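*Asks:* Dropping the structure in here first, questions after.
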Amino acid sequence: MGRSKEVPEPLDDGVVTIFVDGSMRQSPRRGGIGIRFVWIDGDGNESDPWDHALEATLGANNQQMELEAPYQALRLALSGRAPFELDEFDKIEIRTDSQYVKEGVGRAINYWSKNRWHTSDGNAVLNVPDWKNLLRIMRRLDDEHRLRVQFEWKKGKKGNHAVAVDQLAKQSSDSPLQRRPRPASVRRKLSEANAEAGSVGVEGQTMVIRIVEARYLGPPHNRTRYRYEVVDEDSRYAGKVDFAESDLGLKRGHSYRVTMNATPATPRIVDLIEEVEEDLSPVLEALRSIGYPVSAREVAEALAEGGSEMKVDAVKRRLDRLAEESVGVTRLRSATRGRAYVYAIAVED
């Protein structure tokens with residue numbers, strides 16, 4: 001089946017239309033921004049596009065790039081370098097494929113900014129500096145040029161301009177040049193579960209968690225949003241990955257016995273009982289005794305033979321932790337169908 005034809009996208013007279021898109025790459029994590037300006041010229045024809053692919057940003061996430069794209073686009077419009085005069089237009093329309101931006105901008109203007117950047121359920125709004133930058137430059141366009149900025153959601157890669165700006169964003173994320181990095185503290189999670197808000201019920205319980213990501217929220221919240229996985233095998237949430245905010249200073253890659261609050265709408269880590277360093281030597285010795293790449297199930301069977309009963313999922317999480325901690329254990333893709341991973345240990349001389 002051939003590639004679908006790119007569809008022309010209609011433009012309105014008297015409007016500067018800006019197509020924006022963000023892009024993400026991994027290893028290392030970096031974000032990109034694509035921007036395209038188009039408008040109807042004095043002869044009633046569509047202008048030639050004015051395109052920009054900004055330098056890559058290290059450590060950024062997708063929401064940050066989707067938010068920074070319209071901010072940078074409006075900065076360019078105000079820079080004096082644009083091939084048009086802003087005073088000749090009545091409105092700026094930003095077309096984005098990000099529901100996060102389209103739905104959030106109204107809330108940021110009408111509610112979040114007036115509620116000390118908290119959502120209606122009391123949680124901290126994420127990416128506050130980006131929202132503030134966007135609102136500030138929108139106000140500047142209104143003050144200096146009487147230009148209203150309107151956001152329209154368009155499905156990505158549906159139209160000639162949307163396709164082009166998607167390619168610009170990918171070009172941006174692949175750029176060898178780099179913008180100021182975004183601070184992020186992330187470790188690879190051990191659980192195969194995807195992070196899902198609300199997957200861990202907060203009931204005032206005490207449990208052992210491992211910190212996967214620590215994201216300082218900054219003013220006005222001055223606390224940290226953690227992505228964590230439950231590594232407490234006695235918890236019914238073992239293996240789940242969720243989010244919670246806290247005033248506590250917890251380090252990524254470390255495990256802690258903590259107490260949660262009991263308010264599901266605003267999950268919090270409220271008390272640090274102790275840092276937990278589990279003895280993984282039985283799993284390490286079982287792996288070493290087999291001596292060749294094996295599955296978590298085979299390691300569990302070896303542990304059972306030695307009198308240590310442990311569920312396969314629990315063994316797998318511990319093997320993943322050993323691989324993460326670089327103690328000679330390697331996690332490999334299995335060539336055997338039905339087994340996602342096998343584990344091997346370096347042979348001592």
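Naming works like this for the structure tokens: A, B, ... for the chains as they're shown, residue 1 at the start of each chain, ligands 1 onward in shown order.
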Which of stretch 143-329 of chain A counts as helix (DSSP H, G or I) under DSSP, as a ChimeraX atom specification please?
*Replies:* /A:143-145,160-173,281-290,296-305,312-324
*Asks:* Using only C-alpha atoms, which protein or nucleic acid residues come within 8 Å of A:Ala73? Drop anything in the same chain fewer than 5 positions from it, and give the result as an mmCIF file with N, CA and C atoms, in the first residue's frame.
*Replies:*
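As written to disk, out-v9.cif reads:
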data_model
loop_
_atom_site.group_PDB
_atom_site.id
_atom_site.type_symbol
_atom_site.label_atom_id
_atom_site.label_comp_id
_atom_site.auth_asym_id
_atom_site.auth_seq_id
_atom_site.Cartn_x
_atom_site.Cartn_y
_atom_site.Cartn_z
ATOM 1 N N ILE A 18 0.893 29.059 13.225
ATOM 2 C CA ILE A 18 2.162 28.458 13.617
ATOM 3 C C ILE A 18 1.917 26.986 13.927
ATOM 4 N N VAL A 20 3.460 23.659 15.468
ATOM 5 C CA VAL A 20 4.536 23.307 16.404
ATOM 6 C C VAL A 20 4.465 21.824 16.721
ATOM 7 N N ILE A 35 9.120 24.074 14.347
ATOM 8 C CA ILE A 35 8.218 25.227 14.238
ATOM 9 C C ILE A 35 8.084 25.617 12.767
#
*Asks:* Would you return as a count of residues only the members of stretch 87-272 of chain A that DSSP assigns to strand (DSSP E or B) on this structure's backbone?
*Replies:* 54
*Asks:* Here is a test: counting only C-alpha atoms, which residue of A:Arg75, A:Val283, A:Ala323, A:Glu9 is nearest to A:Ala304?
*Replies:*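 Closest candidate: A:Val283.
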*Asks:* Distance table requested - stretch 121-211 of chain A against stretch 218-241 of chain A, cut-off 6 Å, only C-alpha atoms: one row per qualifying residue with the closest atom pair and its distance in Å to one decimal, ordered by chain and rising residue number, as JSON lines.
*Replies:*
{"residue": "A:Ser191", "atom": "CA", "partner": "A:Gly239", "partner_atom": "CA", "distance": 5.5}
{"residue": "A:Ala195", "atom": "CA", "partner": "A:Val241", "partner_atom": "CA", "distance": 4.6}
{"residue": "A:Val200", "atom": "CA", "partner": "A:Tyr237", "partner_atom": "CA", "distance": 6.0}
{"residue": "A:Val208", "atom": "CA", "partner": "A:Asp232", "partner_atom": "CA", "distance": 4.8}
{"residue": "A:Ile209", "atom": "CA", "partner": "A:Val230", "partner_atom": "CA", "distance": 4.5}
{"residue": "A:Arg210", "atom": "CA", "partner": "A:Glu229", "partner_atom": "CA", "distance": 5.3}
{"residue": "A:Ile211", "atom": "CA", "partner": "A:Tyr228", "partner_atom": "CA", "distance": 4.5}
*Asks:* Selected residues, C-alpha atoms, written as a PDB file, in the first residue's frame, please.
*Replies:*
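Everything below was put into part04.pdb:
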ATOM      1  CA  SER A 191       9.503  -3.634  37.134  1.00  0.00           C
ATOM      2  CA  ALA A 195       4.031   3.863  35.392  1.00  0.00           C
ATOM      3  CA  VAL A 200      -0.837   1.957  44.043  1.00  0.00           C
ATOM      4  CA  VAL A 208       9.264  -0.608  50.688  1.00  0.00           C
ATOM      5  CA  ILE A 209       9.659   1.402  47.492  1.00  0.00           C
ATOM      6  CA  ARG A 210      12.517   2.063  45.085  1.00  0.00           C
ATOM      7  CA  ILE A 211      12.905   5.545  43.626  1.00  0.00           C
TER       8      ILE A 211
END
*Asks:* May I have the residues within 12 Å of A:Ala344 as a ChimeraX atom specification, using only C-alpha atoms and disregarding those fewer than 6 positions away in the same chain?
*Replies:* /A:284-296,298-299,319-320,322-323,326-334
*Asks:* Can you pull out the residues contacting stretch 250-265 of chain A? Cut-off 6 Å, using only C-alpha atoms, and skip same-chain residues under 5 positions away; I want them as JSON, numbers by chain.
*Replies:* {"A": [187, 202, 203, 204, 205, 206, 207, 208, 209, 210, 211, 212, 213, 270, 271, 272, 273, 274, 275, 276]}
*Asks:* Just the selected residues (C-alpha atoms), exported as a PDB file, in the first residue's frame, please.
*Replies:*
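Written out: result_15.pdb:
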ATOM      1  CA  ARG A 187      17.181   5.365  36.982  1.00  0.00           C
ATOM      2  CA  VAL A 202      -2.517   5.057  49.269  1.00  0.00           C
ATOM      3  CA  GLU A 203      -4.068   3.831  52.499  1.00  0.00           C
ATOM      4  CA  GLY A 204      -1.678   5.120  55.133  1.00  0.00           C
ATOM      5  CA  GLN A 205       0.344   1.933  54.658  1.00  0.00           C
ATOM      6  CA  THR A 206       4.033   1.313  55.251  1.00  0.00           C
ATOM      7  CA  MET A 207       5.898  -0.390  52.405  1.00  0.00           C
ATOM      8  CA  VAL A 208       9.264  -0.608  50.688  1.00  0.00           C
ATOM      9  CA  ILE A 209       9.659   1.402  47.492  1.00  0.00           C
ATOM     10  CA  ARG A 210      12.517   2.063  45.085  1.00  0.00           C
ATOM     11  CA  ILE A 211      12.905   5.545  43.626  1.00  0.00           C
ATOM     12  CA  VAL A 212      13.013   5.549  39.822  1.00  0.00           C
ATOM     13  CA  GLU A 213      12.764   9.295  39.137  1.00  0.00           C
ATOM     14  CA  VAL A 270       4.864  11.349  54.393  1.00  0.00           C
ATOM     15  CA  ASP A 271       7.440   9.510  56.499  1.00  0.00           C
ATOM     16  CA  LEU A 272      10.822   7.883  55.915  1.00  0.00           C
ATOM     17  CA  ILE A 273      11.377   4.990  58.306  1.00  0.00           C
ATOM     18  CA  GLU A 274      14.654   3.634  56.984  1.00  0.00           C
ATOM     19  CA  GLU A 275      16.739   3.040  53.903  1.00  0.00           C
ATOM     20  CA  VAL A 276      16.578  -0.623  52.956  1.00  0.00           C
TER      21      VAL A 276
END
*Asks:* Compile the contact shell of A:Pro83 as a ChimeraX atom specification: residues with an atom at most 12 Å away, counting only C-alpha atoms, same-chain residues fewer than 6 positions apart removed.
*Replies:* /A:16,37-39,41,47-51,76-77
*Asks:* Show me, as a list in words, the residues that have an atom within 12 Å of A:Asn110 when counting only C-alpha atoms, minus same-chain residues fewer than 6 positions from it.
*Replies:*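 After dropping sequence-adjacent residues, the list is Glu103, Gly104, Arg116, Trp117, Thr119, Ser120 and Leu135 of chain A.
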*Asks:* Could those residues be written to a file, using C-alpha atoms, as a tab-separated table (two decimals), in the first residue's frame?
*Replies:*
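Produced file out.tsv, reproduced below:
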chain	number	residue	atom	x	y	z
A	103	GLU	CA	-6.40	21.50	27.22
A	104	GLY	CA	-3.90	22.89	29.71
A	116	ARG	CA	-0.81	28.83	43.36
A	117	TRP	CA	-0.25	26.33	40.55
A	119	THR	CA	-4.89	21.43	40.30
A	120	SER	CA	-8.46	21.24	41.58
A	135	LEU	CA	1.52	32.83	29.61
*Asks:* Which one is closest to A:Leu168: A:Met310, A:Val15, A:Ile92, A:Glu55? Count only C-alpha atoms.
*Replies:* A:Glu55
*Asks:* Using only C-alpha atoms, which residues sit within 12 Å of A:Asp90 once same-chain residues fewer than 5 positions away are excluded, as a count of residues only?
*Replies:* 16
